[in-house]
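Novice: Before anything else, here's the structure in question.
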Amino acid sequence: MDILATGMGWINHTPGGLNRYFADYLEAMAGSGHEVRGLVTAHGEEIAAPSYIRDVLDRPERLSTLARTRAFRTRVKAELLRHQPDVFNPHFGLYSSLVTRDMVPAHIPIVTHFHGPWAQESLVEDAGLDWGQKVRYQLKRNVELLSYRRADHFIVLSRYFRDILTRDYGISGDAVHIVPGAPDIERFQPAENREELRRELGLQPGAKVLFCARRLVNRMGIENLIRAMSAVVHAEPEAVLFIAGDGTLRSHLQNLIEELGLGASVQLLGRVSNEDLVRWYQAADLSIVPTVTLEGFGLVTVESLACGTPVLGTPYGGTKEILERLTPELLFEDHKPASITARIISALNGSSFVPGRRACREFVLANYTWEKAASAITGIFEQAVQEREEGSVYESSIL
């Protein structure tokens, strides 16, 4: 099957959950025997990517959001003329918003990966409801609705995102398919010599290492985690927290660490390489996912578990759906600092159950692999192609 997919950025150029999924997804589909073409933008800069990945820009230049969206439209049109795919598969509503239904031949289904409510995420990050923010929210929502009304089927990573699509965007539940994401199990795996790795990372013998990989933005709950650490280190002096990632809150969070006197116990690592991300997962005793809202899946959760490291997380969205299958004792009561503190302390002192490293790895292998995901997605594509061939979803819309 020939798949033309549009993403957002390339993972090595612009880290992020959607970009990581897009890269791993296309690799898995190519490995399953499909012909894939993936369109992204790295602003025309050189990227180390497989030959099936193409930048929509031919030369390095920084363009406006609208100009980048137009570049995606131009490149999709060219790809459709060069060689028609069996399926058009967008992954980011904005960058597919100018690809109208009449641009895509009627026999080709559009199957959209929904990675989250873009407008709603922006509203949460703005942390306010002034006039300008409301206008931006409505504009983004209109773009999403414009893109999604063209799709024959949707793929989501969790029940949580399925419910958002059906409730907030009016999508029929029959058109929405849940296919959980997966880590690269060859890359994310336990360390051969964990103690040596911990020494290489400069970790002290006996340290109880907590690790959190998140963007430093409001909805990720990093401030709550840092506040929780005040009580954690009081009860468990050997506890140390390392936070990987960058974002708009970095200076605020650094100031908070200093204000709380946690400089020796909490460290912001900034953006780490893909290789070092694996090393930190492997070295940690626990990973922490403190997201406050809109956690559609939580790729970091299954990446950590694949490395053998247990995860403690908030009881929301995709995090809840993953961890409650392993054991509900890994879930905080809520996202407040007191709840985070209580569960971390009980996990560190052994008063609550925490699965072993082998059990974490085996849980991922049994439930979250790209082999399973690629097979399920292939079946959805085949269904969409058949429906188009039978004419059951043809439409006259020129959107």
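Please note that chains go A, B, ... in the order of the structure tokens, that every chain numbers its residues from 1, and that ligands are numbered from 1 in the order shown.
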Taking only residues of range 158-223 of chain A that have an atom at most 12 Å from an atom of range 342-349 of chain A, what is each one's shortest atom pair and its distance in Å to one decimal, using only C-alpha atoms, in chain and number order, as JSON lines?
Specialist:
{"residue": "A:Ala207", "atom": "CA", "partner": "A:Leu348", "partner_atom": "CA", "distance": 10.9}
{"residue": "A:Lys208", "atom": "CA", "partner": "A:Leu348", "partner_atom": "CA", "distance": 7.5}
{"residue": "A:Val209", "atom": "CA", "partner": "A:Leu348", "partner_atom": "CA", "distance": 9.7}
{"residue": "A:Leu210", "atom": "CA", "partner": "A:Ile344", "partner_atom": "CA", "distance": 9.1}
{"residue": "A:Phe211", "atom": "CA", "partner": "A:Ile344", "partner_atom": "CA", "distance": 11.8}
Novice: What would the file look like if the residues just selected were written as a compact mmCIF listing (two decimals), in the first residue's frame with all heavy atoms?
Specialist:
# COMPACT_ATOMS: atom_id res chain seq x y z
N ALA A 207 21.71 7.04 45.35
CA ALA A 207 20.73 8.07 44.98
C ALA A 207 19.44 7.40 44.49
O ALA A 207 19.47 6.39 43.79
CB ALA A 207 21.29 8.97 43.90
N LYS A 208 18.32 7.96 44.88
CA LYS A 208 17.02 7.51 44.40
C LYS A 208 16.60 8.47 43.29
O LYS A 208 16.14 9.59 43.55
CB LYS A 208 16.01 7.49 45.54
CG LYS A 208 16.41 6.51 46.64
CD LYS A 208 15.40 6.48 47.78
CE LYS A 208 15.82 5.47 48.85
NZ LYS A 208 14.84 5.41 49.97
N VAL A 209 16.81 8.02 42.07
CA VAL A 209 16.75 8.92 40.91
C VAL A 209 15.36 8.95 40.30
O VAL A 209 14.82 7.92 39.88
CB VAL A 209 17.79 8.50 39.85
CG1 VAL A 209 17.72 9.44 38.65
CG2 VAL A 209 19.19 8.51 40.46
N LEU A 210 14.78 10.15 40.24
CA LEU A 210 13.52 10.39 39.57
C LEU A 210 13.81 11.13 38.27
O LEU A 210 14.66 12.03 38.23
CB LEU A 210 12.59 11.24 40.45
CG LEU A 210 12.41 10.81 41.91
CD1 LEU A 210 11.53 11.80 42.65
CD2 LEU A 210 11.84 9.40 41.98
N PHE A 211 13.10 10.76 37.22
CA PHE A 211 13.34 11.39 35.92
C PHE A 211 12.02 11.79 35.29
O PHE A 211 11.03 11.05 35.36
CB PHE A 211 14.08 10.42 34.98
CG PHE A 211 14.34 10.99 33.61
CD1 PHE A 211 15.14 12.11 33.45
CD2 PHE A 211 13.79 10.40 32.48
CE1 PHE A 211 15.38 12.64 32.18
CE2 PHE A 211 14.02 10.90 31.21
CZ PHE A 211 14.82 12.03 31.06
Novice: So that I can check the surroundings of range 31-34 of chain A, please list as a list of chain:residue names every protein, DNA and RNA residue that reaches within 7 Å of it, counting only C-alpha atoms and ignoring chain neighbours fewer than 2 positions away.
Specialist: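 Neighbouring residues, sequence-local ones excluded: A:Met1, A:Asp2, A:Glu27, A:Ala28, A:Met29, A:Val36.
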Novice: From the list A:Ala23, A:Ile288, A:Val272, A:Ile53, which residue is nearest Leu225 in chain A when using only C-alpha atoms?
Specialist: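 Answer, going by the shortest atom-to-atom distance: A:Ile288.
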Novice: For Glu382 in chain A, work out the shell of residues within 12 Å, counting only C-alpha atoms and skipping chain neighbours fewer than 4 positions away, then give it as a VMD selection string.
Specialist: chain A and resid 1 to 3 86 to 87 108 to 111 153 375 to 378 386 to 389
Novice: Excluding Gly296 in chain A and residues on its chain fewer than 5 positions from it, collect all residues at most 9 Å away from it, counting only C-alpha atoms, and give them as a count of residues only.
Specialist: 12
Novice: Write out as a short mmCIF file (atom, residue, chain, number, x, y, z; two decimals) with C-alpha atoms, in the first residue's frame which residues come within 9 Å of range 74-82 of chain A when counting only C-alpha atoms, dropping same-chain ones fewer than 5 positions away.
Specialist:
data_model
loop_
_atom_site.label_atom_id
_atom_site.label_comp_id
_atom_site.auth_asym_id
_atom_site.auth_seq_id
_atom_site.Cartn_x
_atom_site.Cartn_y
_atom_site.Cartn_z
CA LEU A 4 1.33 9.81 1.59
CA THR A 6 1.96 14.89 6.26
CA ARG A 37 6.24 9.25 1.78
CA LEU A 39 6.26 15.44 4.36
CA ASP A 55 11.02 18.73 3.62
CA VAL A 56 8.33 20.86 2.00
CA LEU A 57 10.91 23.65 1.72
CA THR A 69 0.97 25.76 5.46
CA SER A 96 -3.17 19.83 5.96
CA VAL A 99 -5.24 20.42 1.09
CA MET A 103 -7.20 18.18 -4.60
CA VAL A 104 -7.23 14.52 -3.56
CA PRO A 105 -8.65 12.15 -6.21
#
Novice: Suppose you want the space between CA of Ala175 in chain A and CA of Gly38 in chain A; what is it in Å?
Specialist: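 The value is 23.3 Å.
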Novice: Could you pull the residues within 12 Å of Thr100 in chain A, counting only C-alpha atoms, minus those fewer than 2 positions along the same chain, as a list of chain:residue names?
Specialist: A:Arg70, A:Phe72, A:Arg73, A:Thr74, A:Val76, A:Lys77, A:Phe88, A:Gly93, A:Tyr95, A:Ser96, A:Ser97, A:Leu98, A:Asp102, A:Met103, A:Val104, A:Pro105, A:Ala106, A:Ile110, A:Leu146, A:Ser147, A:Tyr148, A:Arg149, A:Arg150, A:Ala151, A:Ser396, A:Ser397, A:Ile398, A:Leu399
Novice: Using CA of His43 in chain A and CA of Gly16 in chain A as the two end points, give the distance in Å to one decimal.
Specialist: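 A separation of 16.1 Å between them.
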Novice: Give me, please, the distance in Å between CA of Leu323 in chain A and CA of Arg227 in chain A, quoted to one decimal.
Specialist: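 Between these atoms lies a distance of 23.2 Å.
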Novice: Write out as a PDB file with N, CA and C atoms, in the first residue's frame each polymer residue whose atoms come within 8 Å of Gly9 in chain A, counting only C-alpha atoms; drop sequence neighbours fewer than 6 positions from it.
Specialist:
ATOM      1  N   ASN A  19       6.203  14.567  16.617  1.00  0.00           N
ATOM      2  CA  ASN A  19       7.296  14.311  15.678  1.00  0.00           C
ATOM      3  C   ASN A  19       7.958  12.958  15.920  1.00  0.00           C
ATOM      4  N   VAL A  40       7.409  16.855   5.952  1.00  0.00           N
ATOM      5  CA  VAL A  40       7.600  17.601   7.192  1.00  0.00           C
ATOM      6  C   VAL A  40       8.228  18.940   6.829  1.00  0.00           C
ATOM      7  N   THR A  41       8.483  19.765   7.831  1.00  0.00           N
ATOM      8  CA  THR A  41       9.292  20.944   7.590  1.00  0.00           C
ATOM      9  C   THR A  41      10.349  21.078   8.675  1.00  0.00           C
ATOM     10  N   ALA A  42      11.565  21.294   8.235  1.00  0.00           N
ATOM     11  CA  ALA A  42      12.673  21.632   9.120  1.00  0.00           C
ATOM     12  C   ALA A  42      13.230  22.972   8.659  1.00  0.00           C
TER      13      ALA A  42
END
Novice: What are the DSSP strand (DSSP E or B) residues of range 30-64 of chain A, as an mmCIF file with N, CA and C atoms, in the first residue's frame?
Specialist:
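Once written, out_32.cif looks like this:
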data_model
loop_
_atom_site.group_PDB
_atom_site.id
_atom_site.type_symbol
_atom_site.label_atom_id
_atom_site.label_comp_id
_atom_site.auth_asym_id
_atom_site.auth_seq_id
_atom_site.Cartn_x
_atom_site.Cartn_y
_atom_site.Cartn_z
ATOM 1 N N GLU A 35 4.834 1.323 0.952
ATOM 2 C CA GLU A 35 5.579 2.434 0.364
ATOM 3 C C GLU A 35 5.115 3.697 1.065
ATOM 4 N N VAL A 36 6.037 4.416 1.709
ATOM 5 C CA VAL A 36 5.634 5.586 2.471
ATOM 6 C C VAL A 36 6.355 6.822 1.967
ATOM 7 N N ARG A 37 5.664 7.930 2.029
ATOM 8 C CA ARG A 37 6.239 9.245 1.780
ATOM 9 C C ARG A 37 5.770 10.152 2.900
ATOM 10 N N GLY A 38 6.700 10.788 3.599
ATOM 11 C CA GLY A 38 6.353 11.662 4.709
ATOM 12 C C GLY A 38 6.836 13.074 4.459
ATOM 13 N N LEU A 39 5.925 14.031 4.561
ATOM 14 C CA LEU A 39 6.256 15.435 4.357
ATOM 15 C C LEU A 39 6.312 16.148 5.699
ATOM 16 N N VAL A 40 7.409 16.855 5.952
ATOM 17 C CA VAL A 40 7.600 17.601 7.192
ATOM 18 C C VAL A 40 8.228 18.940 6.829
ATOM 19 N N ILE A 53 11.451 10.645 3.756
ATOM 20 C CA ILE A 53 11.063 11.895 4.402
ATOM 21 C C ILE A 53 11.516 13.059 3.536
ATOM 22 N N ARG A 54 10.603 13.985 3.274
ATOM 23 C CA ARG A 54 10.936 15.143 2.446
ATOM 24 C C ARG A 54 10.491 16.426 3.133
ATOM 25 N N ASP A 55 11.369 17.416 3.097
ATOM 26 C CA ASP A 55 11.022 18.730 3.616
ATOM 27 C C ASP A 55 10.211 19.463 2.554
#
